[in-house]
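Below is one structure, written out as structure tokens, with a few remarks after it.
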Amino acid sequence: MKGQFVDLYASADFLGPGAIEVDRYQTEIFDIVRRRGAFGQRIKQVPATGHPSRFFEETAINAPTAAQAFVDPRNIVPVVGSPTRIELAVPLKALVSQLNYNLFDLEVTAQQSQFAYLQAKDLADSVDGLLRTHDVALWNGNDTSLSSPTTTQYFGVIGQIVAGGNTTTIGTTASIVDGIKTTIANMVASSSYAVRPTAIYSNPVLLDLIDREMKASFNVVLNTVEITGGFRVKALSTQAGELPLIPDWAIPYTPGSPGTYPAYIVTEDLIEYHWLSDPNPRVFKLGLPNALTQQMVVVKFGAPVVKGANFAHYQVNVQR
């Protein structure tokens with residue numbers, strides 16, 4: 001047996017008869033940091049056709065008027081017509097993030113065996129962090145055009161819906177629920193397009209106002225529906241059926257007197273994310289430089305596009 005004397009005064013919390021207390025930590029790190037939103041997980045993911053990713057949209061079919069379609073059966077003279085189609089494109093954007101592992105710190109952590117899982121956790125968190133930035137930009141990306149990009153960010157869904165011209169305002173004294181339901185009824189009543197909204201997205205603050213209005217005015221507690229595994233939200237009965245009221249922290253609002261609280265009535269099947277190579281972020285491990293650090297680069301290529309922005313979706317600005 002070989003004895004060794006070690007000075008513990010610098011690291012010990014307490015030294016006393018029969019007791020030496022040293023620092024110890026729980027092996028799990030407390031973590032409820034905000035990560036992904038529901039919106040990015042519910043919209044369609046489709047492979048891009050190229051850069052930009054191109055598609056066609058049919059805006060009208062050959063539908064002659066009654067005066068043109070009904071003719072004398074003994075003297076048939078048809079009116080020539082054709083469908084209307086437009087070519088559209090969405091430019092792809094790039095998101096990137098990097099995480100460096102120092103070789104010395106990795107080996108110290110491994111030898112201590114206290115947080116052996118930390119390297120994998122930090123890499124997974126880097127992927128989640130990039131996806132959180134992606135989810136925020138899906139709504140709020142500051143580009144202003146699909147045909148002529150002005151920034152490196154997405155042209156956000158909010159911007160595309162607003163550019164489509166479908167915006168209405170509910171005043172401070174008007175019913176929030178009635179205003180939203182009337183807007184949906186007008187969308188469904190369109191004689192030109194078969195519109196069927198699937199969800200209402202808003203910041204949780206507005207959804208709380210809706211919940212309180214229903215309880216105060218009608219003594220009604222809204223039903224709940226499941227939108228993803230284990231995630232249930234309130235639902236509003238409309239002319240398009242029961243639409244989930246989905247809280248999304250990434251949707252901005254402006255508090256004040258009055259404040260403006262936007263809600264977005266969307267047809268999720270018509271909101272697509274065009275991805276390149278893989279719909280999920282990819283992780284690339286670079287070679288060791290002279291500093292002996294492991295460089296992990298997270299990359300994601302793609303862009304969102306709102307099809308039918310001028311008829312299948314709506315922005316409702318609630319003033320309260």
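Ordering of the structure tokens sets the chain letters (A, B, ...); residue numbers start at 1 within each chain; ligands are numbered from 1 in the order shown.
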Shell around segment 190-196 of chain A at 8 Å using only C-alpha atoms, local window under 3 positions removed, as a short mmCIF file (atom, residue, chain, number, x, y, z; two decimals) with C-alpha atoms, in the first residue's frame:
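The new file result-v9.cif reads:
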```
data_model
loop_
_atom_site.label_atom_id
_atom_site.label_comp_id
_atom_site.auth_asym_id
_atom_site.auth_seq_id
_atom_site.Cartn_x
_atom_site.Cartn_y
_atom_site.Cartn_z
CA ALA A 60 -59.06 29.73 -62.59
CA ASN A 186 -66.35 34.27 -45.71
CA MET A 187 -63.31 32.18 -46.67
CA ALA A 240 -64.91 24.86 -41.52
CA THR A 267 -54.77 26.00 -44.49
CA PHE A 311 -57.46 33.31 -50.54
CA ALA A 312 -56.61 30.27 -48.35
#
```
Find the residues of segment 65-88 of chain A that sit at most 12 Å from segment 302-308 of chain A; for each, write down the nearest two atoms and how far apart they are in Å, to one decimal. Count only C-alpha atoms. Sort by chain, then by number going up, and give it as a tab-separated table.
```
residue	atom	partner	partner_atom	distance
A:Ile86	CA	A:Gly308	CA	11.7
A:Glu87	CA	A:Lys307	CA	11.8
A:Leu88	CA	A:Lys307	CA	9.5
```
Saved selection, atoms kept: all heavy atoms, as a PDB file, in the first residue's frame:
```pdb
ATOM      1  N   ILE A  86     -50.258  30.181 -63.291  1.00  0.00           N
ATOM      2  CA  ILE A  86     -49.097  31.061 -63.146  1.00  0.00           C
ATOM      3  C   ILE A  86     -47.921  30.257 -62.620  1.00  0.00           C
ATOM      4  O   ILE A  86     -48.082  29.273 -61.884  1.00  0.00           O
ATOM      5  CB  ILE A  86     -49.392  32.255 -62.213  1.00  0.00           C
ATOM      6  CG1 ILE A  86     -49.836  31.767 -60.821  1.00  0.00           C
ATOM      7  CG2 ILE A  86     -50.439  33.183 -62.820  1.00  0.00           C
ATOM      8  CD1 ILE A  86     -50.034  32.895 -59.818  1.00  0.00           C
ATOM      9  N   GLU A  87     -46.730  30.633 -63.013  1.00  0.00           N
ATOM     10  CA  GLU A  87     -45.507  29.985 -62.560  1.00  0.00           C
ATOM     11  C   GLU A  87     -44.950  30.752 -61.355  1.00  0.00           C
ATOM     12  O   GLU A  87     -44.831  31.973 -61.394  1.00  0.00           O
ATOM     13  CB  GLU A  87     -44.460  29.967 -63.669  1.00  0.00           C
ATOM     14  CG  GLU A  87     -43.150  29.322 -63.258  1.00  0.00           C
ATOM     15  CD  GLU A  87     -42.084  29.439 -64.332  1.00  0.00           C
ATOM     16  OE1 GLU A  87     -42.398  29.963 -65.421  1.00  0.00           O
ATOM     17  OE2 GLU A  87     -40.936  29.021 -64.068  1.00  0.00           O
ATOM     18  N   LEU A  88     -44.638  30.024 -60.282  1.00  0.00           N
ATOM     19  CA  LEU A  88     -44.100  30.640 -59.076  1.00  0.00           C
ATOM     20  C   LEU A  88     -42.839  29.900 -58.647  1.00  0.00           C
ATOM     21  O   LEU A  88     -42.588  28.758 -59.061  1.00  0.00           O
ATOM     22  CB  LEU A  88     -45.138  30.606 -57.944  1.00  0.00           C
ATOM     23  CG  LEU A  88     -46.428  31.405 -58.185  1.00  0.00           C
ATOM     24  CD1 LEU A  88     -47.435  31.131 -57.084  1.00  0.00           C
ATOM     25  CD2 LEU A  88     -46.135  32.892 -58.286  1.00  0.00           C
TER      26      LEU A  88
END
```
Test item: residues at most 9 Å from segment 101-104 of chain A, only C-alpha atoms, excluding those fewer than 2 positions along its chain, as a ChimeraX atom specification:
/A:99,106-109,119,291-296
Go ahead and write the selection's residues with N, CA and C atoms as a short mmCIF file (atom, residue, chain, number, x, y, z; two decimals), in the first residue's frame.
```
data_model
loop_
_atom_site.label_atom_id
_atom_site.label_comp_id
_atom_site.auth_asym_id
_atom_site.auth_seq_id
_atom_site.Cartn_x
_atom_site.Cartn_y
_atom_site.Cartn_z
N LEU A 99 -20.47 24.26 -33.34
CA LEU A 99 -20.13 23.94 -31.96
C LEU A 99 -18.72 23.36 -31.95
N LEU A 106 -12.70 17.73 -23.24
CA LEU A 106 -13.38 16.45 -23.46
C LEU A 106 -12.74 15.33 -22.65
N GLU A 107 -11.41 15.32 -22.62
CA GLU A 107 -10.72 14.24 -21.91
C GLU A 107 -10.85 14.38 -20.40
N VAL A 108 -10.86 15.63 -19.91
CA VAL A 108 -11.07 15.84 -18.47
C VAL A 108 -12.46 15.36 -18.07
N THR A 109 -13.46 15.74 -18.87
CA THR A 109 -14.84 15.33 -18.57
C THR A 109 -14.98 13.82 -18.62
N GLN A 119 -21.37 15.65 -24.14
CA GLN A 119 -21.00 15.93 -25.53
C GLN A 119 -22.18 15.69 -26.45
N ALA A 291 -5.48 23.75 -33.20
CA ALA A 291 -5.93 23.93 -31.82
C ALA A 291 -6.51 22.65 -31.23
N LEU A 292 -6.59 21.58 -32.04
CA LEU A 292 -7.13 20.29 -31.59
C LEU A 292 -8.54 20.42 -31.03
N THR A 293 -9.39 21.15 -31.71
CA THR A 293 -10.80 21.24 -31.35
C THR A 293 -11.63 20.50 -32.39
N GLN A 294 -12.63 19.78 -31.94
CA GLN A 294 -13.57 19.13 -32.85
C GLN A 294 -14.63 20.16 -33.26
N GLN A 295 -14.74 20.41 -34.54
CA GLN A 295 -15.68 21.41 -35.03
C GLN A 295 -16.90 20.71 -35.64
N MET A 296 -18.06 20.95 -35.04
CA MET A 296 -19.31 20.36 -35.51
C MET A 296 -20.16 21.47 -36.13
#
```
Which polymer residues have any atom within 12 Å of an atom of Gly50 of chain A, counting only C-alpha atoms, with same-chain residues fewer than 6 positions away left out, as a ChimeraX atom specification?
/A:89-93,274-277,301-303
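The spacing separating atom CA of Pro149 of chain A from atom CA of Ala309 of chain A amounts to 17.6 Å.
Atom CA of Ala174 of chain A to atom CA of Glu213 of chain A spans 11.0 Å [interatomic distance, one decimal].
Taking atom CA of Ala48 of chain A and atom CA of Ser82 of chain A as the two end points, the separation is 28.6 Å.
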I'd like the contact shell of Leu206 of chain A - 9 Å cut-off, only C-alpha atoms, skipping same-chain residues fewer than 3 positions apart - returned as a PyMOL selection string.
chain A and resi 202-203+209-211+247+253+261-263+318
